[in-house]
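Just model-v1.txt here, compact mmCIF, C-alpha atoms:
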```
# COMPACT_ATOMS: atom_id res chain seq x y z
CA SER A 1 -26.12 25.91 7.44
CA GLN A 2 -26.17 23.14 4.83
CA GLN A 3 -23.11 20.94 4.64
CA GLY A 4 -23.93 19.51 1.22
CA GLU A 5 -25.55 21.17 -1.74
CA GLU A 6 -26.95 19.41 -4.79
CA ASP A 7 -26.78 20.64 -8.33
CA PRO A 8 -28.83 21.08 -10.43
CA GLN A 9 -31.89 22.03 -8.38
CA ALA A 10 -34.13 20.49 -11.02
CA LEU A 11 -33.60 18.08 -13.88
CA SER A 12 -36.07 16.98 -16.54
CA ILE A 13 -35.24 14.12 -18.89
CA GLN A 14 -36.85 11.47 -21.06
CA GLU A 15 -37.18 7.86 -20.08
CA GLY A 16 -34.09 5.90 -21.10
CA GLU A 17 -31.72 8.84 -20.69
CA ASN A 18 -29.11 9.06 -17.97
CA ALA A 19 -29.47 11.49 -15.09
CA THR A 20 -26.50 12.99 -13.29
CA MET A 21 -26.72 14.91 -10.05
CA ASN A 22 -23.86 16.51 -8.18
CA CYS A 23 -23.23 17.25 -4.55
CA SER A 24 -20.62 19.59 -3.13
CA TYR A 25 -19.74 19.80 0.54
CA LYS A 26 -17.63 22.04 2.70
CA THR A 27 -15.64 20.10 5.27
CA SER A 28 -13.84 16.77 5.39
CA ILE A 29 -16.10 13.78 5.69
CA ASN A 30 -15.74 10.07 6.34
CA ASN A 31 -18.76 9.07 4.29
CA LEU A 32 -21.44 10.46 2.04
CA GLN A 33 -24.91 9.09 1.48
CA TRP A 34 -27.53 9.53 -1.21
CA TYR A 35 -31.25 9.36 -0.52
CA ARG A 36 -34.38 9.49 -2.65
CA GLN A 37 -37.68 11.05 -1.67
CA ASN A 38 -40.90 10.53 -3.53
CA SER A 39 -43.28 13.45 -3.32
CA GLY A 40 -44.28 14.23 0.27
CA ARG A 41 -42.99 10.97 1.67
CA GLY A 42 -40.07 9.75 3.72
CA LEU A 43 -36.55 9.40 2.40
CA VAL A 44 -35.15 6.11 1.18
CA HIS A 45 -31.47 5.34 1.52
CA LEU A 46 -29.84 4.59 -1.83
CA ILE A 47 -26.15 4.22 -1.29
CA LEU A 48 -23.31 5.08 1.07
CA ILE A 49 -19.78 5.75 -0.10
CA ARG A 50 -16.86 5.96 2.30
CA SER A 51 -14.10 8.51 2.03
CA ASN A 52 -11.58 5.88 0.94
CA GLU A 53 -13.81 4.80 -1.96
CA ARG A 54 -13.88 6.55 -5.31
CA GLU A 55 -16.80 4.82 -6.98
CA LYS A 56 -19.65 2.58 -6.01
CA HIS A 57 -22.41 0.86 -7.95
CA SER A 58 -25.85 -0.36 -6.99
CA GLY A 59 -28.06 -1.56 -9.82
CA ARG A 60 -28.57 1.39 -12.18
CA LEU A 61 -26.93 3.77 -9.70
CA ARG A 62 -23.34 4.86 -9.85
CA VAL A 63 -21.88 7.14 -7.21
CA THR A 64 -18.47 8.78 -7.34
CA LEU A 65 -16.65 10.65 -4.63
CA ASP A 66 -13.78 13.08 -5.11
CA THR A 67 -12.55 14.13 -1.69
CA SER A 68 -9.96 16.50 -3.17
CA LYS A 69 -12.77 18.49 -4.79
CA LYS A 70 -15.21 17.82 -1.97
CA SER A 71 -17.80 16.60 -4.43
CA SER A 72 -19.86 13.56 -5.28
CA SER A 73 -22.04 12.62 -8.19
CA LEU A 74 -25.00 10.29 -8.56
CA LEU A 75 -25.63 8.80 -11.98
CA ILE A 76 -28.88 7.01 -12.76
CA THR A 77 -28.58 5.08 -15.99
CA ALA A 78 -31.45 4.19 -18.31
CA SER A 79 -33.89 6.24 -16.24
CA ARG A 80 -37.51 5.25 -15.77
CA ALA A 81 -40.61 7.26 -14.98
CA ALA A 82 -40.54 5.64 -11.52
CA ASP A 83 -37.21 7.38 -10.85
CA THR A 84 -39.09 10.67 -10.65
CA ALA A 85 -38.29 11.94 -7.16
CA SER A 86 -36.05 14.30 -5.24
CA TYR A 87 -32.51 13.14 -4.57
CA PHE A 88 -30.49 14.29 -1.59
CA CYS A 89 -26.91 13.89 -0.57
CA ALA A 90 -26.19 13.64 3.12
CA THR A 91 -22.90 14.26 4.85
CA PRO A 92 -21.99 14.11 8.52
CA LYS A 93 -22.35 17.37 10.35
CA SER A 94 -19.12 19.29 10.64
CA GLY A 95 -17.12 18.88 13.79
CA GLY A 96 -16.94 15.11 13.66
CA SER A 97 -20.59 14.43 14.31
CA TYR A 98 -22.09 11.43 12.57
CA ILE A 99 -25.54 12.99 12.22
CA PRO A 100 -26.19 13.24 8.48
CA THR A 101 -27.17 16.66 7.22
CA PHE A 102 -28.97 17.04 3.95
CA GLY A 103 -28.71 19.38 1.03
CA ARG A 104 -31.77 20.92 -0.60
CA GLY A 105 -31.98 18.15 -3.15
CA THR A 106 -32.28 17.74 -6.89
CA SER A 107 -35.80 17.34 -8.22
CA LEU A 108 -35.72 14.80 -11.05
CA ILE A 109 -38.60 14.38 -13.48
CA VAL A 110 -38.44 11.52 -15.93
CA HIS A 111 -40.97 11.81 -18.74
CA PRO A 112 -42.37 8.55 -20.13
CA LYS B 1 -38.83 -6.12 9.80
CA ALA B 2 -41.53 -3.52 10.00
CA GLY B 3 -40.39 -0.08 8.93
CA VAL B 4 -40.45 3.17 10.82
CA THR B 5 -43.98 4.29 11.57
CA GLN B 6 -45.18 7.77 12.37
CA THR B 7 -48.51 8.90 13.73
CA PRO B 8 -50.55 10.77 12.89
CA ARG B 9 -49.88 11.14 9.16
CA TYR B 10 -51.71 14.45 8.88
CA LEU B 11 -52.52 17.08 11.44
CA ILE B 12 -54.15 20.48 11.35
CA LYS B 13 -53.69 22.82 14.27
CA THR B 14 -54.18 26.51 14.95
CA ARG B 15 -51.63 29.03 16.12
CA GLY B 16 -50.88 28.86 19.82
CA GLN B 17 -51.81 25.21 20.20
CA GLN B 18 -49.37 22.46 20.97
CA VAL B 19 -48.86 19.17 19.17
CA THR B 20 -47.27 15.80 19.88
CA LEU B 21 -46.00 13.55 17.13
CA SER B 22 -45.04 9.92 17.58
CA CYS B 23 -42.42 7.72 15.96
CA SER B 24 -41.84 3.99 16.31
CA PRO B 25 -38.40 2.94 15.06
CA ILE B 26 -37.39 -0.27 13.43
CA SER B 27 -37.13 -3.06 15.98
CA GLY B 28 -33.67 -3.09 17.50
CA HIS B 29 -32.80 0.46 16.50
CA ARG B 30 -31.86 2.64 19.44
CA SER B 31 -31.31 5.95 17.68
CA VAL B 32 -34.21 8.12 16.60
CA SER B 33 -33.71 11.43 14.82
CA TRP B 34 -36.26 14.06 13.92
CA TYR B 35 -36.17 16.37 10.93
CA GLN B 36 -38.32 19.24 9.75
CA GLN B 37 -38.78 19.63 6.02
CA THR B 38 -40.10 22.80 4.44
CA PRO B 39 -39.85 24.10 0.87
CA GLY B 40 -37.86 27.11 2.02
CA GLN B 41 -35.39 25.55 4.44
CA GLY B 42 -35.17 22.00 3.17
CA LEU B 43 -34.44 19.21 5.63
CA GLN B 44 -33.40 20.57 8.99
CA PHE B 45 -32.17 18.37 11.83
CA LEU B 46 -34.14 18.82 15.06
CA PHE B 47 -32.64 16.35 17.53
CA GLU B 48 -31.52 12.79 18.04
CA TYR B 49 -32.29 10.44 20.89
CA PHE B 50 -30.32 7.36 21.80
CA SER B 51 -31.22 5.09 24.70
CA GLU B 52 -33.67 7.64 26.12
CA THR B 53 -31.10 10.46 26.10
CA GLN B 54 -30.91 13.41 23.77
CA ARG B 55 -27.56 12.92 22.09
CA ASN B 56 -27.60 15.68 19.46
CA LYS B 57 -29.60 18.82 18.98
CA GLY B 58 -30.15 21.12 16.02
CA ASN B 59 -30.76 24.85 16.02
CA PHE B 60 -34.43 25.02 16.88
CA PRO B 61 -36.10 27.06 19.64
CA GLY B 62 -37.07 25.49 22.93
CA ARG B 63 -40.66 25.16 21.74
CA PHE B 64 -39.48 22.02 20.03
CA SER B 65 -38.79 19.18 22.41
CA GLY B 66 -38.69 15.44 22.35
CA ARG B 67 -38.25 12.34 24.38
CA GLN B 68 -37.58 8.68 23.94
CA PHE B 69 -39.04 5.80 25.85
CA SER B 70 -37.41 2.59 27.00
CA ASN B 71 -38.79 0.75 23.96
CA SER B 72 -37.05 3.34 21.73
CA ARG B 73 -40.32 4.90 20.62
CA SER B 74 -39.99 8.64 20.44
CA GLU B 75 -42.26 11.64 20.61
CA MET B 76 -41.66 15.21 19.66
CA ASN B 77 -43.68 18.09 20.96
CA VAL B 78 -44.10 21.57 19.59
CA SER B 79 -45.67 24.11 21.89
CA THR B 80 -47.21 27.48 21.03
CA LEU B 81 -47.47 26.65 17.35
CA GLU B 82 -46.60 29.29 14.77
CA LEU B 83 -47.59 29.44 11.11
CA GLY B 84 -43.98 28.76 10.18
CA ASP B 85 -44.12 25.39 11.94
CA SER B 86 -46.19 24.03 9.07
CA ALA B 87 -43.97 21.33 7.62
CA LEU B 88 -43.41 17.67 7.01
CA TYR B 89 -41.87 16.18 10.15
CA LEU B 90 -39.76 13.16 9.47
CA CYS B 91 -38.49 10.63 11.93
CA ALA B 92 -35.57 8.35 11.16
CA SER B 93 -34.11 5.46 13.06
CA SER B 94 -30.73 3.83 12.90
CA GLY B 95 -28.61 1.37 14.77
CA GLY B 96 -26.64 4.36 16.02
CA THR B 97 -23.60 2.38 17.03
CA ASN B 98 -21.04 3.59 14.48
CA SER B 99 -20.23 6.57 12.37
CA TYR B 100 -21.85 5.25 9.21
CA ASN B 101 -25.42 5.89 10.08
CA GLU B 102 -27.85 4.82 7.41
CA GLN B 103 -31.08 6.46 8.40
CA PHE B 104 -34.37 4.64 7.87
CA PHE B 105 -37.12 7.17 7.48
CA GLY B 106 -40.77 7.02 8.30
CA PRO B 107 -43.43 8.44 5.95
CA GLY B 108 -43.65 11.67 7.92
CA THR B 109 -46.34 13.68 9.63
CA ARG B 110 -47.70 16.59 7.62
CA LEU B 111 -48.47 19.41 10.08
CA THR B 112 -50.50 22.38 8.95
CA VAL B 113 -50.81 25.35 11.28
CA LEU B 114 -53.68 27.73 10.53
```
In C-alpha cells, what does this structure look like?
Amino acid sequence: SQQGEEDPQALSIQEGENATMNCSYKTSINNLQWYRQNSGRGLVHLILIRSNEREKHSGRLRVTLDTSKKSSSLLITASRAADTASYFCATPKSGGSYIPTFGRGTSLIVHP
Amino acid sequence: KAGVTQTPRYLIKTRGQQVTLSCSPISGHRSVSWYQQTPGQGLQFLFEYFSETQRNKGNFPGRFSGRQFSNSRSEMNVSTLELGDSALYLCASSGGTNSYNEQFFGPGTRLTVL
C-alpha cells in the first residue's frame, strides 16, 4: 500500500503562476522527499525535509512539513513551462525502513 | 560523476519469455534499488541490494529476481513474462549508509510484453 498520497492528481496552470501540491502520509516518518519526473524518464530528487524541520527552500521550491497533520506541501513559485512534470513525495516505508515509497504523484502542466 | 545508467532503454518481449535488465550505479554508491512504474499501480518497490546482498524486498512474485555484483552493478530478471509486466523499470542508487536516502534514478527501461 502507498505510504504517501499526493493531491491533486493533476494541476494545470499558466506560466508565472504558483503551483501547490500536497502530500499526506500515514505513519510517523523521520524525513520526506520530493521528486520530479519528466514524461517517461527517471525521477530527479528535488528536496528532502527532516521531521524536525517545518519549512525548507531550494530556489523556486518551498516545502513545508506538518508532522501533526502528517502532511507536506510543495510550492513552485513563478512556474515555467519547463516545470511541466509529475511530482512525487516519498516517505520511508512503515516499520522503520529507510526505503522511500512513493505516492502516485501530481501531474503538473504549465502552459506557456 | 556519471549518473545511473540502465540498459537497454527499450525492450519488447512476448509472454512466457524472460528478460534481464542492467543497472550501473553512481560510482561509490553501494545501494541499488529497483522500482516498477505502471499507470495503474504507480511506483512500486521491487527490491534493494547493498554490497551484493538483498537487503529489502517488495511484494512481487518470485518471477522477479535480482542480483548485485562486486562492482555494485545490478541486474534484475523477470521470468515467464506476463502482459501485466509491461512497465517502466527504474533503478536507483544511493550511498545507503544512513536513513536519509536520496535516491539517484536512472532513465529507466521501458519493457513491453506482447
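Excluding Thr77 in chain A itself and any same-chain residue fewer than 3 positions from it, the protein and nucleic acid residues within 8 Å of it, counting only C-alpha atoms, are Gly16, Glu17, Asn18, Ala19, Arg60 and Leu61 of chain A.
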Excluding range 57-59 of chain B and its own-chain neighbours fewer than 6 positions away, which residues fall within 7 Å of it when counting all atoms listed in the file? Please give them as a ChimeraX atom specification. /B:45-48
Skip Ser93 in chain B itself and residues of its chain fewer than 6 positions away, then list as a list in words all residues within 7 Å of it, counting all atoms listed in the file.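 Answer for this query is Pro25, Ile26, His29, Ser31, Val32, Ser33, Gln103, Phe104 and Phe105 of chain B.
For range 49-53 of chain B, the set of protein, DNA and RNA residues having any atom at most 8 Å away, when counting all atoms listed in the file and skipping those fewer than 3 positions along the same chain, is Arg30, Ser31, Val32, Ser33, Asn56, Arg67, Gln68, Phe69, Ser70, Ser72, Ser74 and Gly96 of chain B.
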Within 6 Å of chain A: each chain B residue with its shortest pair, only C-alpha atoms, as JSON lines:
```
{"residue": "B:Gly42", "atom": "CA", "partner": "A:Arg104", "partner_atom": "CA", "distance": 5.2}
{"residue": "B:Ser99", "atom": "CA", "partner": "A:Tyr98", "partner_atom": "CA", "distance": 5.2}
{"residue": "B:Phe105", "atom": "CA", "partner": "A:Gly42", "partner_atom": "CA", "distance": 5.4}
{"residue": "B:Gly106", "atom": "CA", "partner": "A:Gly42", "partner_atom": "CA", "distance": 5.4}
{"residue": "B:Pro107", "atom": "CA", "partner": "A:Gly42", "partner_atom": "CA", "distance": 4.2}
{"residue": "B:Gly108", "atom": "CA", "partner": "A:Gly42", "partner_atom": "CA", "distance": 5.8}
```
Written selection (C-alpha atoms) as an mmCIF file, in the frame of the given file:
```cif
data_model
loop_
_atom_site.group_PDB
_atom_site.id
_atom_site.type_symbol
_atom_site.label_atom_id
_atom_site.label_comp_id
_atom_site.auth_asym_id
_atom_site.auth_seq_id
_atom_site.Cartn_x
_atom_site.Cartn_y
_atom_site.Cartn_z
ATOM 1 C CA GLY B 42 -35.170 22.000 3.170
ATOM 2 C CA SER B 99 -20.230 6.570 12.370
ATOM 3 C CA PHE B 105 -37.120 7.170 7.480
ATOM 4 C CA GLY B 106 -40.770 7.020 8.300
ATOM 5 C CA PRO B 107 -43.430 8.440 5.950
ATOM 6 C CA GLY B 108 -43.650 11.670 7.920
#
```
Separation of CA of Thr64 in chain A from CA of Val110 in chain A in Å: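 Straight-line distance from CA of Val110 in chain A to CA of Thr64 in chain A works out to 21.9 Å.
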May I ask for the distance between CA of Tyr89 in chain B and CA of Gln41 in chain B, given in Å to one decimal place?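 Those two atoms sit 12.7 Å apart.
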Give the answer as one residue: which of B:Thr14, B:Arg110, B:Tyr35, B:Ser24 has the shortest atom-to-atom distance to Leu83 in chain B, using all atoms listed in the file? B:Thr14
If we count all atoms listed in the file, what is near Thr20 in chain A at a cut-off of 10 Å, once residues fewer than 6 positions away on the same chain are taken out, given as a PDB file with C-alpha atoms, in the frame of the given file?
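File out-v4.pdb, as written:
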```
ATOM      1  CA  ASP A   7     -26.780  20.640  -8.330  1.00  0.00           C
ATOM      2  CA  PRO A   8     -28.830  21.080 -10.430  1.00  0.00           C
ATOM      3  CA  LEU A  11     -33.600  18.080 -13.880  1.00  0.00           C
ATOM      4  CA  LEU A  61     -26.930   3.770  -9.700  1.00  0.00           C
ATOM      5  CA  ARG A  62     -23.340   4.860  -9.850  1.00  0.00           C
ATOM      6  CA  VAL A  63     -21.880   7.140  -7.210  1.00  0.00           C
ATOM      7  CA  SER A  73     -22.040  12.620  -8.190  1.00  0.00           C
ATOM      8  CA  LEU A  74     -25.000  10.290  -8.560  1.00  0.00           C
ATOM      9  CA  LEU A  75     -25.630   8.800 -11.980  1.00  0.00           C
ATOM     10  CA  ILE A  76     -28.880   7.010 -12.760  1.00  0.00           C
ATOM     11  CA  THR A  77     -28.580   5.080 -15.990  1.00  0.00           C
ATOM     12  CA  THR A 106     -32.280  17.740  -6.890  1.00  0.00           C
ATOM     13  CA  LEU A 108     -35.720  14.800 -11.050  1.00  0.00           C
TER      14      LEU A 108
END
```
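CA of Arg36 in chain A is found 16.8 Å from CA of Ala78 in chain A.
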Find the residue from A:Gln14, A:Ser58, A:Ser71, A:Asn38 that sits nearest to Thr91 in chain A; use all atoms listed in the file when measuring. A:Ser71
From the set B:Phe60, B:Ala87, B:Gly66, B:Leu81, which residue has the shortest atom-to-atom contact distance to Gly16 in chain B, counting all atoms listed in the file? B:Leu81
Export N, CA and C atoms of range 3-32 of chain B from the structure just given, as a CSV table (one decimal), in the first residue's frame?
```csv
chain,number,residue,atom,x,y,z
B,3,GLY,N,26.1,9.6,-14.1
B,3,GLY,CA,24.8,9.2,-13.4
B,3,GLY,C,24.6,7.7,-13.5
B,4,VAL,N,23.4,7.4,-13.0
B,4,VAL,CA,23.0,6.0,-13.1
B,4,VAL,C,22.6,5.6,-14.5
B,5,THR,N,23.1,4.5,-15.0
B,5,THR,CA,22.8,4.1,-16.4
B,5,THR,C,22.0,2.8,-16.3
B,6,GLN,N,21.1,2.7,-17.3
B,6,GLN,CA,20.3,1.5,-17.4
B,6,GLN,C,20.3,1.0,-18.8
B,7,THR,N,20.5,-0.3,-19.0
B,7,THR,CA,20.4,-0.9,-20.3
B,7,THR,C,19.5,-2.1,-20.3
B,8,PRO,N,18.8,-2.4,-21.4
B,8,PRO,CA,18.6,-1.5,-22.5
B,8,PRO,C,17.6,-0.4,-22.1
B,9,ARG,N,17.4,0.6,-23.0
B,9,ARG,CA,16.4,1.6,-22.7
B,9,ARG,C,15.0,1.1,-23.1
B,10,TYR,N,14.9,0.3,-24.1
B,10,TYR,CA,13.6,-0.2,-24.6
B,10,TYR,C,13.7,-1.7,-24.9
B,11,LEU,N,12.7,-2.4,-24.6
B,11,LEU,CA,12.7,-3.8,-24.8
B,11,LEU,C,11.3,-4.3,-25.1
B,12,ILE,N,11.2,-5.1,-26.1
B,12,ILE,CA,9.9,-5.8,-26.4
B,12,ILE,C,10.1,-7.3,-26.4
B,13,LYS,N,9.2,-7.9,-25.6
B,13,LYS,CA,9.3,-9.3,-25.4
B,13,LYS,C,7.9,-9.9,-25.5
B,14,THR,N,7.8,-11.2,-25.6
B,14,THR,CA,6.5,-11.9,-25.7
B,14,THR,C,6.2,-12.6,-24.4
B,15,ARG,N,5.0,-12.9,-24.2
B,15,ARG,CA,4.6,-13.6,-23.0
B,15,ARG,C,5.4,-14.9,-22.9
B,16,GLY,N,5.8,-15.3,-21.7
B,16,GLY,CA,6.5,-16.5,-21.4
B,16,GLY,C,8.0,-16.4,-21.5
B,17,GLN,N,8.5,-15.4,-22.2
B,17,GLN,CA,9.9,-15.2,-22.2
B,17,GLN,C,10.4,-14.7,-20.9
B,18,GLN,N,11.7,-14.6,-20.8
B,18,GLN,CA,12.4,-14.0,-19.7
B,18,GLN,C,13.2,-12.8,-20.1
B,19,VAL,N,13.5,-11.9,-19.2
B,19,VAL,CA,14.3,-10.7,-19.5
B,19,VAL,C,15.2,-10.3,-18.4
B,20,THR,N,16.4,-9.8,-18.8
B,20,THR,CA,17.3,-9.3,-17.8
B,20,THR,C,17.6,-7.8,-18.1
B,21,LEU,N,17.5,-7.0,-17.1
B,21,LEU,CA,17.8,-5.6,-17.2
B,21,LEU,C,19.0,-5.3,-16.3
B,22,SER,N,19.7,-4.3,-16.8
B,22,SER,CA,21.0,-4.0,-16.1
B,22,SER,C,21.0,-2.5,-15.6
B,23,CYS,N,21.7,-2.3,-14.5
B,23,CYS,CA,21.8,-1.0,-13.9
B,23,CYS,C,23.2,-0.8,-13.4
B,24,SER,N,23.8,0.3,-13.8
B,24,SER,CA,25.1,0.7,-13.2
B,24,SER,C,24.9,1.9,-12.3
B,25,PRO,N,25.2,1.8,-11.0
B,25,PRO,CA,25.0,2.9,-10.1
B,25,PRO,C,26.1,4.0,-10.3
B,26,ILE,N,25.8,5.1,-9.6
B,26,ILE,CA,26.8,6.1,-9.5
B,26,ILE,C,28.1,5.5,-8.8
B,27,SER,N,29.2,5.9,-9.2
B,27,SER,CA,30.5,5.4,-8.7
B,27,SER,C,30.5,5.7,-7.2
B,28,GLY,N,30.8,4.6,-6.4
B,28,GLY,CA,30.8,4.8,-4.9
B,28,GLY,C,29.6,4.4,-4.2
B,29,HIS,N,28.5,4.4,-5.0
B,29,HIS,CA,27.2,4.0,-4.3
B,29,HIS,C,27.1,2.5,-4.2
B,30,ARG,N,26.7,2.0,-3.0
B,30,ARG,CA,26.6,0.6,-2.8
B,30,ARG,C,25.2,0.1,-2.8
B,31,SER,N,24.3,1.0,-2.7
B,31,SER,CA,22.9,0.5,-2.7
B,31,SER,C,22.2,0.7,-4.0
B,32,VAL,N,21.6,-0.3,-4.5
B,32,VAL,CA,20.8,-0.2,-5.7
B,32,VAL,C,19.4,-0.7,-5.5
```
